[in-house]
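J.: Contents of work-v3.pdb (PDB, C-alpha atoms) are given next:
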ATOM      1  CA  MET A   1     -23.441   4.516 -20.578
ATOM      2  CA  GLU A   2     -21.631   6.413 -23.304
ATOM      3  CA  LEU A   3     -19.920   8.624 -20.718
ATOM      4  CA  MET A   4     -18.837   5.531 -18.793
ATOM      5  CA  LYS A   5     -17.274   4.012 -21.915
ATOM      6  CA  LYS A   6     -15.377   7.239 -22.654
ATOM      7  CA  PHE A   7     -14.087   7.287 -19.084
ATOM      8  CA  ILE A   8     -12.964   3.638 -19.255
ATOM      9  CA  ILE A   9     -10.958   4.245 -22.457
ATOM     10  CA  PHE A  10      -9.495   7.453 -20.996
ATOM     11  CA  LYS A  11      -8.489   5.568 -17.837
ATOM     12  CA  GLN A  12      -6.875   2.802 -19.896
ATOM     13  CA  GLY A  13      -4.781   5.465 -21.656
ATOM     14  CA  VAL A  14      -3.720   6.918 -18.286
ATOM     15  CA  LEU A  15      -2.821   3.511 -16.815
ATOM     16  CA  GLU A  16      -0.898   2.350 -19.895
ATOM     17  CA  GLU A  17       1.061   5.623 -19.950
ATOM     18  CA  LEU A  18       2.001   5.581 -16.252
ATOM     19  CA  PRO A  19       4.948   3.087 -16.413
ATOM     20  CA  LEU A  20       6.691   5.291 -18.990
ATOM     21  CA  GLN A  21       6.825   8.082 -16.424
ATOM     22  CA  LEU A  22       9.725   6.256 -14.749
ATOM     23  CA  GLY A  23      11.815   7.543 -17.645
ATOM     24  CA  VAL A  24       9.977  10.825 -18.276
ATOM     25  CA  PHE A  25       9.957  12.134 -14.689
ATOM     26  CA  PRO A  26      13.756  12.186 -14.096
ATOM     27  CA  PHE A  27      14.176  13.624 -17.598
ATOM     28  CA  GLY A  28      11.788  16.491 -16.703
ATOM     29  CA  ILE A  29      13.721  17.191 -13.498
ATOM     30  CA  ILE A  30      16.981  17.253 -15.466
ATOM     31  CA  TYR A  31      15.457  19.683 -17.981
ATOM     32  CA  GLY A  32      14.280  21.982 -15.158
ATOM     33  CA  ILE A  33      17.740  21.976 -13.541
ATOM     34  CA  MET A  34      19.480  22.606 -16.882
ATOM     35  CA  ALA A  35      17.164  25.454 -17.790
ATOM     36  CA  ILE A  36      17.960  27.299 -14.548
ATOM     37  CA  GLU A  37      21.705  26.508 -14.880
ATOM     38  CA  SER A  38      21.613  27.931 -18.411
ATOM     39  CA  GLY A  39      20.300  31.275 -17.183
ATOM     40  CA  LEU A  40      16.571  31.039 -17.894
ATOM     41  CA  THR A  41      14.245  32.544 -15.295
ATOM     42  CA  PRO A  42      12.080  30.041 -13.363
ATOM     43  CA  ILE A  43       8.971  31.302 -15.219
ATOM     44  CA  GLN A  44      10.650  30.848 -18.633
ATOM     45  CA  ALA A  45      11.906  27.395 -17.701
ATOM     46  CA  PHE A  46       8.521  26.274 -16.390
ATOM     47  CA  LEU A  47       6.329  27.738 -19.128
ATOM     48  CA  MET A  48       8.568  26.348 -21.886
ATOM     49  CA  SER A  49       7.388  22.895 -20.832
ATOM     50  CA  SER A  50       3.804  23.773 -21.705
ATOM     51  CA  ILE A  51       4.531  26.089 -24.678
ATOM     52  CA  ILE A  52       6.938  23.751 -26.550
ATOM     53  CA  PHE A  53       6.141  20.505 -24.671
ATOM     54  CA  GLY A  54       8.965  18.470 -26.259
ATOM     55  CA  GLY A  55      11.701  16.981 -24.025
ATOM     56  CA  ALA A  56      14.858  16.675 -26.138
ATOM     57  CA  SER A  57      14.098  19.867 -28.059
ATOM     58  CA  GLN A  58      13.727  21.849 -24.821
ATOM     59  CA  ILE A  59      17.111  20.623 -23.582
ATOM     60  CA  ALA A  60      18.658  21.537 -26.952
ATOM     61  CA  PHE A  61      17.016  24.983 -26.638
ATOM     62  CA  VAL A  62      18.587  25.723 -23.233
ATOM     63  CA  GLN A  63      21.954  24.329 -24.309
ATOM     64  CA  LEU A  64      22.063  26.564 -27.395
ATOM     65  CA  ILE A  65      20.771  29.656 -25.566
ATOM     66  CA  SER A  66      23.465  29.223 -22.882
ATOM     67  CA  SER A  67      26.166  29.206 -25.576
ATOM     68  CA  ALA A  68      24.822  32.456 -27.130
ATOM     69  CA  THR A  69      23.625  30.768 -30.315
ATOM     70  CA  PRO A  70      21.663  32.992 -32.767
ATOM     71  CA  LEU A  71      17.885  32.646 -32.409
ATOM     72  CA  GLY A  72      17.508  31.393 -35.995
ATOM     73  CA  VAL A  73      19.757  28.409 -35.248
ATOM     74  CA  VAL A  74      17.886  27.675 -32.005
ATOM     75  CA  VAL A  75      14.496  27.723 -33.769
ATOM     76  CA  THR A  76      15.733  25.605 -36.701
ATOM     77  CA  THR A  77      17.315  23.045 -34.369
ATOM     78  CA  VAL A  78      14.215  22.732 -32.151
ATOM     79  CA  SER A  79      11.996  22.393 -35.248
ATOM     80  CA  ALA A  80      14.278  19.756 -36.743
ATOM     81  CA  ILE A  81      14.293  17.702 -33.535
ATOM     82  CA  ASN A  82      10.488  17.851 -33.305
ATOM     83  CA  SER A  83       9.925  17.194 -37.015
ATOM     84  CA  ARG A  84       9.398  13.478 -36.326
ATOM     85  CA  HIS A  85       6.050  14.410 -34.741
ATOM     86  CA  PHE A  86       4.892  15.231 -38.273
ATOM     87  CA  LEU A  87       5.014  11.515 -39.041
ATOM     88  CA  TYR A  88       3.181  10.633 -35.824
ATOM     89  CA  SER A  89       0.439  13.045 -36.803
ATOM     90  CA  ILE A  90       0.181  11.529 -40.297
ATOM     91  CA  SER A  91      -0.274   8.036 -38.882
ATOM     92  CA  MET A  92      -2.853   9.252 -36.326
ATOM     93  CA  MET A  93      -4.803  11.151 -38.991
ATOM     94  CA  GLU A  94      -6.386   7.970 -40.287
ATOM     95  CA  TYR A  95      -8.045   7.306 -36.907
ATOM     96  CA  LEU A  96      -8.888  10.878 -35.915
ATOM     97  CA  LYS A  97      -9.972  12.498 -39.194
ATOM     98  CA  ASN A  98     -13.680  12.485 -38.272
ATOM     99  CA  LEU A  99     -13.177  14.418 -35.036
ATOM    100  CA  SER A 100     -14.078  18.102 -34.681
ATOM    101  CA  LEU A 101     -11.374  20.722 -35.189
ATOM    102  CA  LYS A 102     -11.378  21.451 -31.453
ATOM    103  CA  TRP A 103     -10.523  17.816 -30.648
ATOM    104  CA  ARG A 104      -7.827  17.665 -33.317
ATOM    105  CA  ILE A 105      -6.203  20.832 -31.922
ATOM    106  CA  VAL A 106      -6.113  19.389 -28.380
ATOM    107  CA  LEU A 107      -4.832  15.976 -29.499
ATOM    108  CA  SER A 108      -2.173  17.520 -31.784
ATOM    109  CA  TYR A 109      -0.846  19.502 -28.847
ATOM    110  CA  LEU A 110      -0.644  16.320 -26.725
ATOM    111  CA  LEU A 111       0.999  14.235 -29.482
ATOM    112  CA  THR A 112       4.486  13.502 -28.094
ATOM    113  CA  ASP A 113       6.790  10.462 -28.380
ATOM    114  CA  GLU A 114       5.540   8.581 -25.340
ATOM    115  CA  ALA A 115       1.818   9.302 -25.844
ATOM    116  CA  TYR A 116       2.055   8.302 -29.505
ATOM    117  CA  ALA A 117       3.990   5.097 -28.752
ATOM    118  CA  VAL A 118       1.314   3.853 -26.341
ATOM    119  CA  SER A 119      -1.826   5.024 -28.172
ATOM    120  CA  ILE A 120      -0.889   4.030 -31.736
ATOM    121  CA  ARG A 121      -0.545   0.417 -30.581
ATOM    122  CA  ARG A 122      -4.129   0.506 -29.286
ATOM    123  CA  PHE A 123      -5.360   2.300 -32.439
ATOM    124  CA  ILE A 124      -3.790  -0.329 -34.723
ATOM    125  CA  ASN A 125      -4.963  -3.310 -32.649
ATOM    126  CA  GLU A 126      -8.527  -2.106 -32.119
ATOM    127  CA  PRO A 127      -9.310   0.401 -34.886
ATOM    128  CA  SER A 128     -13.075  -0.125 -34.716
ATOM    129  CA  THR A 129     -13.419   0.720 -31.002
ATOM    130  CA  SER A 130     -15.517   3.854 -30.534
ATOM    131  CA  PHE A 131     -14.159   6.859 -28.601
ATOM    132  CA  LEU A 132     -10.552   5.786 -29.283
ATOM    133  CA  HIS A 133      -9.501   9.436 -29.105
ATOM    134  CA  PHE A 134     -10.117   9.324 -25.354
ATOM    135  CA  HIS A 135      -7.206   6.887 -25.153
ATOM    136  CA  LEU A 136      -4.833   9.444 -26.685
ATOM    137  CA  LEU A 137      -6.336  12.083 -24.402
ATOM    138  CA  GLY A 138      -5.493   9.832 -21.428
ATOM    139  CA  THR A 139      -1.905   9.120 -22.493
ATOM    140  CA  GLY A 140      -1.354  12.765 -23.508
ATOM    141  CA  ILE A 141      -2.705  14.317 -20.305
ATOM    142  CA  THR A 142      -0.733  11.860 -18.141
ATOM    143  CA  LEU A 143       2.467  12.771 -19.925
ATOM    144  CA  PHE A 144       1.641  16.491 -19.836
ATOM    145  CA  LEU A 145       1.060  16.495 -16.068
ATOM    146  CA  SER A 146       4.148  14.398 -15.393
ATOM    147  CA  TRP A 147       6.295  16.709 -17.538
ATOM    148  CA  GLN A 148       4.976  19.873 -15.853
ATOM    149  CA  ILE A 149       5.417  18.535 -12.297
ATOM    150  CA  SER A 150       8.908  17.160 -12.952
ATOM    151  CA  THR A 151       9.945  20.424 -14.652
ATOM    152  CA  LEU A 152       8.718  22.360 -11.629
ATOM    153  CA  ILE A 153      10.759  20.143  -9.267
ATOM    154  CA  GLY A 154      13.853  20.655 -11.450
ATOM    155  CA  VAL A 155      13.298  24.424 -11.549
ATOM    156  CA  LEU A 156      12.914  24.583  -7.755
ATOM    157  CA  VAL A 157      16.108  22.610  -6.984
ATOM    158  CA  GLY A 158      18.106  23.921  -9.970
ATOM    159  CA  GLY A 159      19.527  27.076  -8.396
ATOM    160  CA  ASP A 160      20.557  25.357  -5.159
ATOM    161  CA  LEU A 161      22.983  22.792  -6.571
ATOM    162  CA  PRO A 162      26.737  23.225  -5.991
ATOM    163  CA  GLN A 163      28.793  24.594  -8.906
ATOM    164  CA  PHE A 164      31.454  21.834  -8.866
ATOM    165  CA  LEU A 165      28.849  19.371 -10.161
ATOM    166  CA  ASP A 166      29.194  20.960 -13.640
ATOM    167  CA  LEU A 167      25.609  19.992 -14.482
ATOM    168  CA  GLN A 168      25.804  21.301 -18.045
ATOM    169  CA  PHE A 169      27.452  17.982 -18.846
ATOM    170  CA  ILE A 170      24.105  16.247 -18.280
ATOM    171  CA  ILE A 171      22.944  17.615 -21.653
ATOM    172  CA  PRO A 172      25.246  15.555 -23.939
ATOM    173  CA  LEU A 173      24.717  12.538 -21.669
ATOM    174  CA  THR A 174      20.952  12.893 -22.047
ATOM    175  CA  PHE A 175      21.286  13.106 -25.817
ATOM    176  CA  ILE A 176      23.565  10.035 -25.836
ATOM    177  CA  ALA A 177      20.887   8.161 -23.878
ATOM    178  CA  ILE A 178      18.292   9.233 -26.447
ATOM    179  CA  ILE A 179      20.159   8.564 -29.687
ATOM    180  CA  VAL A 180      22.096   5.356 -28.959
ATOM    181  CA  PRO A 181      18.927   3.176 -28.913
ATOM    182  CA  MET A 182      17.935   4.810 -32.235
ATOM    183  CA  ILE A 183      21.011   3.387 -33.997
ATOM    184  CA  LYS A 184      19.413   0.188 -35.223
ATOM    185  CA  SER A 185      20.628  -0.091 -38.824
ATOM    186  CA  ILE A 186      23.600   0.608 -41.075
ATOM    187  CA  SER A 187      22.005   3.809 -42.354
ATOM    188  CA  THR A 188      21.339   5.208 -38.856
ATOM    189  CA  PHE A 189      24.959   4.402 -37.952
ATOM    190  CA  PHE A 190      26.157   6.322 -41.023
ATOM    191  CA  VAL A 191      23.897   9.256 -40.106
ATOM    192  CA  VAL A 192      25.621   9.505 -36.716
ATOM    193  CA  ILE A 193      29.148   9.220 -38.160
ATOM    194  CA  ALA A 194      28.467  11.725 -40.969
ATOM    195  CA  SER A 195      26.765  14.334 -38.788
ATOM    196  CA  ALA A 196      29.421  13.947 -36.058
ATOM    197  CA  PHE A 197      32.329  14.539 -38.438
ATOM    198  CA  SER A 198      30.643  17.356 -40.326
ATOM    199  CA  GLY A 199      29.747  18.931 -36.983
ATOM    200  CA  LEU A 200      33.393  18.783 -35.880
ATOM    201  CA  ILE A 201      34.676  20.274 -39.139
ATOM    202  CA  LEU A 202      32.017  22.973 -39.561
ATOM    203  CA  LYS A 203      32.237  24.086 -35.914
ATOM    204  CA  SER A 204      36.028  24.400 -36.116
ATOM    205  CA  LEU A 205      35.577  26.518 -39.250
ATOM    206  CA  ASP A 206      33.215  28.804 -37.278
ATOM    207  CA  ILE A 207      30.427  28.329 -39.787
ATOM    208  CA  ASN A 208      27.024  29.667 -38.709
ATOM    209  CA  PHE A 209      24.188  27.131 -38.736
ATOM    210  CA  TRP A 210      26.795  24.353 -38.316
ATOM    211  CA  ILE A 211      24.267  22.166 -36.479
ATOM    212  CA  VAL A 212      21.692  22.525 -39.236
ATOM    213  CA  ILE A 213      24.194  21.965 -42.077
ATOM    214  CA  SER A 214      25.772  18.917 -40.411
ATOM    215  CA  GLY A 215      22.262  17.613 -39.724
ATOM    216  CA  MET A 216      21.399  17.959 -43.415
ATOM    217  CA  ILE A 217      24.601  16.148 -44.387
ATOM    218  CA  GLY A 218      23.699  13.355 -41.933
ATOM    219  CA  VAL A 219      20.202  12.973 -43.433
ATOM    220  CA  VAL A 220      21.554  12.860 -47.016
ATOM    221  CA  ILE A 221      24.110  10.199 -46.044
ATOM    222  CA  GLY A 222      21.320   8.294 -44.274
ATOM    223  CA  LEU A 223      19.111   8.341 -47.371
ATOM    224  CA  ILE A 224      21.993   7.204 -49.605
ATOM    225  CA  SER A 225      23.019   4.401 -47.245
ATOM    226  CA  SER A 226      19.409   3.262 -46.612
ATOM    227  CA  LYS A 227      19.866   1.000 -49.659
ATOM    228  CA  LEU A 228      22.332  -1.007 -47.560
ATOM    229  CA  ASP A 229      19.627  -1.669 -44.938
ATOM    230  CA  LYS A 230      17.371  -3.285 -47.523
ATOM    231  CA  LYS A 231      20.156  -5.526 -48.809
ATOM    232  CA  ARG A 232      20.774  -7.057 -45.393
TER     233      ARG A 232
ATOM    234  CA  MET B   1      14.855  37.295 -26.916
ATOM    235  CA  ILE B   2      14.431  34.051 -24.915
ATOM    236  CA  TRP B   3      10.655  34.605 -24.777
ATOM    237  CA  TYR B   4      10.532  35.122 -28.560
ATOM    238  CA  GLY B   5      12.496  31.893 -28.992
ATOM    239  CA  ILE B   6      10.175  29.926 -26.687
ATOM    240  CA  ILE B   7       7.011  31.229 -28.362
ATOM    241  CA  ILE B   8       8.258  30.762 -31.961
ATOM    242  CA  CYS B   9       9.472  27.220 -31.152
ATOM    243  CA  GLY B  10       6.158  26.480 -29.425
ATOM    244  CA  VAL B  11       4.105  27.632 -32.421
ATOM    245  CA  ILE B  12       6.272  25.711 -34.922
ATOM    246  CA  THR B  13       6.215  22.545 -32.783
ATOM    247  CA  PHE B  14       2.422  22.748 -32.529
ATOM    248  CA  LEU B  15       2.092  23.266 -36.314
ATOM    249  CA  ILE B  16       4.362  20.242 -36.957
ATOM    250  CA  ARG B  17       1.930  18.130 -34.891
ATOM    251  CA  PHE B  18      -1.250  19.770 -36.161
ATOM    252  CA  ILE B  19      -0.792  20.226 -39.940
ATOM    253  CA  PRO B  20      -1.153  16.532 -40.930
ATOM    254  CA  MET B  21      -4.088  16.081 -38.528
ATOM    255  CA  SER B  22      -5.765  19.222 -39.869
ATOM    256  CA  GLY B  23      -6.285  17.456 -43.186
ATOM    257  CA  ILE B  24      -4.420  20.115 -45.209
ATOM    258  CA  ILE B  25      -2.079  17.464 -46.605
ATOM    259  CA  SER B  26      -4.046  14.934 -48.563
ATOM    260  CA  ARG B  27      -1.215  13.383 -50.557
ATOM    261  CA  GLU B  28       0.756  10.390 -49.216
ATOM    262  CA  LEU B  29       4.419  11.216 -48.433
ATOM    263  CA  SER B  30       7.134   9.475 -50.458
ATOM    264  CA  PRO B  31       9.206   6.769 -48.677
ATOM    265  CA  SER B  32      12.369   8.890 -48.899
ATOM    266  CA  THR B  33      10.608  11.837 -47.209
ATOM    267  CA  LYS B  34       9.399   9.520 -44.446
ATOM    268  CA  ASN B  35      12.922   8.111 -44.084
ATOM    269  CA  SER B  36      14.453  11.566 -43.820
ATOM    270  CA  PHE B  37      12.105  12.382 -40.898
ATOM    271  CA  LYS B  38      13.397   9.233 -39.173
ATOM    272  CA  TYR B  39      17.020  10.399 -39.540
ATOM    273  CA  ILE B  40      16.579  14.056 -38.519
ATOM    274  CA  PRO B  41      16.686  13.704 -34.693
ATOM    275  CA  LEU B  42      19.857  11.578 -34.927
ATOM    276  CA  ALA B  43      21.459  13.958 -37.418
ATOM    277  CA  VAL B  44      20.739  17.069 -35.345
ATOM    278  CA  LEU B  45      21.483  15.742 -31.841
ATOM    279  CA  THR B  46      24.809  14.080 -32.779
ATOM    280  CA  PRO B  47      26.680  17.338 -33.631
ATOM    281  CA  ILE B  48      25.431  18.873 -30.361
ATOM    282  CA  ILE B  49      26.852  15.888 -28.433
ATOM    283  CA  VAL B  50      30.181  16.067 -30.268
ATOM    284  CA  ASN B  51      30.411  19.789 -29.528
ATOM    285  CA  ASP B  52      29.549  19.337 -25.846
ATOM    286  CA  LEU B  53      32.209  16.638 -25.435
ATOM    287  CA  SER B  54      34.766  19.386 -26.256
ATOM    288  CA  ILE B  55      36.512  17.261 -28.901
ATOM    289  CA  VAL B  56      37.491  20.463 -30.712
ATOM    290  CA  GLU B  57      38.833  23.249 -28.513
ATOM    291  CA  ASN B  58      40.343  26.435 -29.980
ATOM    292  CA  ASN B  59      40.215  24.918 -33.477
ATOM    293  CA  SER B  60      42.328  21.871 -32.581
ATOM    294  CA  LEU B  61      41.530  18.315 -31.546
ATOM    295  CA  PHE B  62      41.362  17.774 -27.791
ATOM    296  CA  LEU B  63      41.544  14.016 -27.163
ATOM    297  CA  ILE B  64      44.092  13.488 -24.373
ATOM    298  CA  GLU B  65      42.981  14.349 -20.823
ATOM    299  CA  ASN B  66      39.514  15.144 -22.162
ATOM    300  CA  HIS B  67      37.398  13.904 -19.251
ATOM    301  CA  LYS B  68      34.156  14.778 -21.005
ATOM    302  CA  LEU B  69      35.085  12.633 -24.003
ATOM    303  CA  TYR B  70      36.011   9.632 -21.837
ATOM    304  CA  ALA B  71      32.843   9.971 -19.735
ATOM    305  CA  GLY B  72      30.826  10.295 -22.958
ATOM    306  CA  LEU B  73      32.330   7.054 -24.294
ATOM    307  CA  ILE B  74      31.531   5.292 -21.010
ATOM    308  CA  SER B  75      27.922   6.503 -21.206
ATOM    309  CA  ILE B  76      27.663   5.224 -24.808
ATOM    310  CA  ILE B  77      28.659   1.759 -23.552
ATOM    311  CA  VAL B  78      26.071   2.013 -20.740
ATOM    312  CA  ALA B  79      23.397   3.128 -23.218
ATOM    313  CA  LEU B  80      24.246   0.224 -25.515
ATOM    314  CA  THR B  81      24.119  -2.356 -22.755
ATOM    315  CA  THR B  82      21.239  -1.085 -20.579
ATOM    316  CA  ASN B  83      19.089   1.036 -22.941
ATOM    317  CA  ASN B  84      18.215   3.032 -19.818
ATOM    318  CA  ILE B  85      18.243   6.856 -19.837
ATOM    319  CA  LEU B  86      18.739   7.288 -16.094
ATOM    320  CA  ALA B  87      21.581   4.706 -15.893
ATOM    321  CA  THR B  88      23.334   6.283 -18.900
ATOM    322  CA  ILE B  89      23.206   9.781 -17.410
ATOM    323  CA  SER B  90      24.130   8.666 -13.869
ATOM    324  CA  VAL B  91      27.151   6.537 -14.860
ATOM    325  CA  GLY B  92      28.353   9.155 -17.366
ATOM    326  CA  MET B  93      28.069  11.969 -14.818
ATOM    327  CA  ALA B  94      29.673   9.920 -12.012
ATOM    328  CA  SER B  95      32.655   8.976 -14.193
ATOM    329  CA  TYR B  96      33.074  12.586 -15.341
ATOM    330  CA  LEU B  97      33.039  13.915 -11.766
ATOM    331  CA  PHE B  98      35.425  11.162 -10.636
ATOM    332  CA  MET B  99      37.919  11.837 -13.436
ATOM    333  CA  SER B 100      37.815  15.617 -13.155
ATOM    334  CA  ASN B 101      38.148  15.641  -9.357
ATOM    335  CA  PHE B 102      40.387  12.659  -8.557
ATOM    336  CA  MET B 103      42.377  11.712 -11.633
ATOM    337  CA  ASN B 104      44.961  13.376 -13.796
ATOM    338  CA  VAL B 105      44.204  11.249 -16.851
TER     339      VAL B 105
END
So that I can check it, write out the structure of this file as structure tokens.
T.:
Amino acid sequence: MELMKKFIIFKQGVLEELPLQLGVFPFGIIYGIMAIESGLTPIQAFLMSSIIFGGASQIAFVQLISSATPLGVVVTTVSAINSRHFLYSISMMEYLKNLSLKWRIVLSYLLTDEAYAVSIRRFINEPSTSFLHFHLLGTGITLFLSWQISTLIGVLVGGDLPQFLDLQFIIPLTFIAIIVPMIKSISTFFVVIASAFSGLILKSLDINFWIVISGMIGVVIGLISSKLDKKR
Amino acid sequence: MIWYGIIICGVITFLIRFIPMSGIISRELSPSTKNSFKYIPLAVLTPIIVNDLSIVENNSLFLIENHKLYAGLISIIVALTTNNILATISVGMASYLFMSNFMNV
């Protein structure tokens, strides 16, 4: 009976996560193609999807590696992009704090944007349901499998595409598709403007860590201008 | 070097997801700290986009006949109107290939 209930909640997680794969799957293929185009070996490109397991940060990684960026900048940039998962983990903590360490390790690894978005809604709406963690396991595993399979497809077709397609250009387009929907307030708009201009200036001055510094400037401007959001 | 990068990034990414859930942090984060986490992805990805659109080439502004910039602007409009990742990438890429192969803008 108990096993059946766990399976039902797990299955609900899987089914609720499936529609999001319409967006995730092409993104995984694009990552796989980009990784090969950027000079990573197929093994590196494929295993990165299970070692890092973070879409936008993986694309940033291959973009920076292909432009011979120092490793410190690559690591800082990837960490900064994934830092939002820290907040996801904080909000999940309330529901998962009684689980064993083994469970919390597995669920932390699976805690990505799309799995969090689907599961947190269930957690908030039905906090007293038992075995809720099986829901996050369902959403997380679905996303994990989808990401690995789509990466593999991208890696397999990556080397065979004609050069004139200039596929590197997919990277900024992907990032545009990710960040534009995130601009929902005055402060987020100012973050984009500030980090764009500081990026332009710092890059033209050949300053190391220009991405990180312009990112910090963007965050500071965002925090200052967040007062404007509240006044609206 | 690439392997080191992948493994270090993997460990850090896992720790970012695991540390709050591990229970090490017991104190509630301040609103400004939470806000700054919200801004970080925008603040880090924007300079990468600007760089990839080749707006600055050889330390000077490159705005005229910059096909990447025009295609980027088109994809921003598509992202704003459709909110669809695949449509944004497809239209942006198609306009870039069209301009760079058939037009002397």
J.: Could I get the residues of chain A with an atom no further than 7 Å from an atom of chain B, each paired with its nearest atom pair and that distance in Å to one decimal, using only C-alpha atoms, sorted by chain and residue number, as JSON lines?
T.:
{"residue": "A:Gly23", "atom": "CA", "partner": "B:Ile85", "partner_atom": "CA", "distance": 6.8}
{"residue": "A:Met48", "atom": "CA", "partner": "B:Ile6", "partner_atom": "CA", "distance": 6.2}
{"residue": "A:Ile51", "atom": "CA", "partner": "B:Gly10", "partner_atom": "CA", "distance": 5.0}
{"residue": "A:Ile52", "atom": "CA", "partner": "B:Gly10", "partner_atom": "CA", "distance": 4.0}
{"residue": "A:Leu71", "atom": "CA", "partner": "B:Gly5", "partner_atom": "CA", "distance": 6.4}
{"residue": "A:Val75", "atom": "CA", "partner": "B:Cys9", "partner_atom": "CA", "distance": 5.7}
{"residue": "A:Thr77", "atom": "CA", "partner": "B:Val44", "partner_atom": "CA", "distance": 7.0}
{"residue": "A:Val78", "atom": "CA", "partner": "B:Cys9", "partner_atom": "CA", "distance": 6.6}
{"residue": "A:Ser79", "atom": "CA", "partner": "B:Thr13", "partner_atom": "CA", "distance": 6.3}
{"residue": "A:Ala80", "atom": "CA", "partner": "B:Ile40", "partner_atom": "CA", "distance": 6.4}
{"residue": "A:Ile81", "atom": "CA", "partner": "B:Pro41", "partner_atom": "CA", "distance": 4.8}
{"residue": "A:Asn82", "atom": "CA", "partner": "B:Thr13", "partner_atom": "CA", "distance": 6.4}
{"residue": "A:Ser83", "atom": "CA", "partner": "B:Ile16", "partner_atom": "CA", "distance": 6.3}
{"residue": "A:Arg84", "atom": "CA", "partner": "B:Phe37", "partner_atom": "CA", "distance": 5.4}
{"residue": "A:His85", "atom": "CA", "partner": "B:Arg17", "partner_atom": "CA", "distance": 5.6}
{"residue": "A:Phe86", "atom": "CA", "partner": "B:Ile16", "partner_atom": "CA", "distance": 5.2}
{"residue": "A:Ser89", "atom": "CA", "partner": "B:Pro20", "partner_atom": "CA", "distance": 5.6}
{"residue": "A:Ile90", "atom": "CA", "partner": "B:Pro20", "partner_atom": "CA", "distance": 5.2}
{"residue": "A:Met93", "atom": "CA", "partner": "B:Met21", "partner_atom": "CA", "distance": 5.0}
{"residue": "A:Lys97", "atom": "CA", "partner": "B:Met21", "partner_atom": "CA", "distance": 6.9}
{"residue": "A:Arg104", "atom": "CA", "partner": "B:Met21", "partner_atom": "CA", "distance": 6.6}
{"residue": "A:Ile105", "atom": "CA", "partner": "B:Phe18", "partner_atom": "CA", "distance": 6.6}
{"residue": "A:Ser108", "atom": "CA", "partner": "B:Phe18", "partner_atom": "CA", "distance": 5.0}
{"residue": "A:Tyr109", "atom": "CA", "partner": "B:Phe14", "partner_atom": "CA", "distance": 5.9}
{"residue": "A:Leu111", "atom": "CA", "partner": "B:Arg17", "partner_atom": "CA", "distance": 6.7}
{"residue": "A:Ile170", "atom": "CA", "partner": "B:Ile89", "partner_atom": "CA", "distance": 6.6}
{"residue": "A:Pro172", "atom": "CA", "partner": "B:Ile49", "partner_atom": "CA", "distance": 4.8}
{"residue": "A:Leu173", "atom": "CA", "partner": "B:Ile89", "partner_atom": "CA", "distance": 5.3}
{"residue": "A:Thr174", "atom": "CA", "partner": "B:Ile89", "partner_atom": "CA", "distance": 6.0}
{"residue": "A:Phe175", "atom": "CA", "partner": "B:Leu45", "partner_atom": "CA", "distance": 6.6}
{"residue": "A:Ile176", "atom": "CA", "partner": "B:Ile76", "partner_atom": "CA", "distance": 6.4}
{"residue": "A:Ala177", "atom": "CA", "partner": "B:Ile85", "partner_atom": "CA", "distance": 5.0}
{"residue": "A:Ile179", "atom": "CA", "partner": "B:Leu42", "partner_atom": "CA", "distance": 6.1}
{"residue": "A:Val180", "atom": "CA", "partner": "B:Ala79", "partner_atom": "CA", "distance": 6.3}
{"residue": "A:Pro181", "atom": "CA", "partner": "B:Asn83", "partner_atom": "CA", "distance": 6.3}
{"residue": "A:Thr188", "atom": "CA", "partner": "B:Tyr39", "partner_atom": "CA", "distance": 6.8}
{"residue": "A:Val191", "atom": "CA", "partner": "B:Ala43", "partner_atom": "CA", "distance": 5.9}
{"residue": "A:Val192", "atom": "CA", "partner": "B:Thr46", "partner_atom": "CA", "distance": 6.1}
{"residue": "A:Ser195", "atom": "CA", "partner": "B:Ala43", "partner_atom": "CA", "distance": 5.5}
{"residue": "A:Ala196", "atom": "CA", "partner": "B:Pro47", "partner_atom": "CA", "distance": 5.0}
{"residue": "A:Gly199", "atom": "CA", "partner": "B:Pro47", "partner_atom": "CA", "distance": 4.8}
{"residue": "A:Leu200", "atom": "CA", "partner": "B:Val56", "partner_atom": "CA", "distance": 6.8}
{"residue": "A:Ser204", "atom": "CA", "partner": "B:Asn59", "partner_atom": "CA", "distance": 5.0}
{"residue": "A:Ile211", "atom": "CA", "partner": "B:Pro47", "partner_atom": "CA", "distance": 6.1}
{"residue": "A:Val212", "atom": "CA", "partner": "B:Val44", "partner_atom": "CA", "distance": 6.8}
{"residue": "A:Gly215", "atom": "CA", "partner": "B:Ala43", "partner_atom": "CA", "distance": 4.4}
{"residue": "A:Gly218", "atom": "CA", "partner": "B:Ala43", "partner_atom": "CA", "distance": 5.1}
{"residue": "A:Val219", "atom": "CA", "partner": "B:Tyr39", "partner_atom": "CA", "distance": 5.6}
{"residue": "A:Gly222", "atom": "CA", "partner": "B:Tyr39", "partner_atom": "CA", "distance": 6.7}
{"residue": "A:Leu223", "atom": "CA", "partner": "B:Ser36", "partner_atom": "CA", "distance": 6.7}
J.: Once the PyMOL selection byres ((chain A and resi 123) around 9) is applied to the coordinates I shared, what remains selected? I want it as a list in words.
T.: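 So the PyMOL selection byres ((chain A and resi 123) around 9), applied here, picks out Met92, Tyr95, Ser119, Ile120, Arg121, Arg122, Ile124, Asn125, Glu126, Pro127, Ser128, Thr129, Leu132, His133 and His135 of chain A.
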J.: Between CA of Ile153 (chain A) and CA of Gly32 (chain A), measure the distance and give it in Å to one decimal.
T.: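 Computing the Euclidean distance for CA of Ile153 (chain A) and CA of Gly32 (chain A) yields 7.1 Å.
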J.: From the list A:Ala35, A:Ala60, A:Leu101, A:Ala115, which residue is nearest Val14 (chain A) when using all atoms listed in the file?
T.: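 That would be A:Ala115, the residue with the smallest distance to Val14 (chain A).
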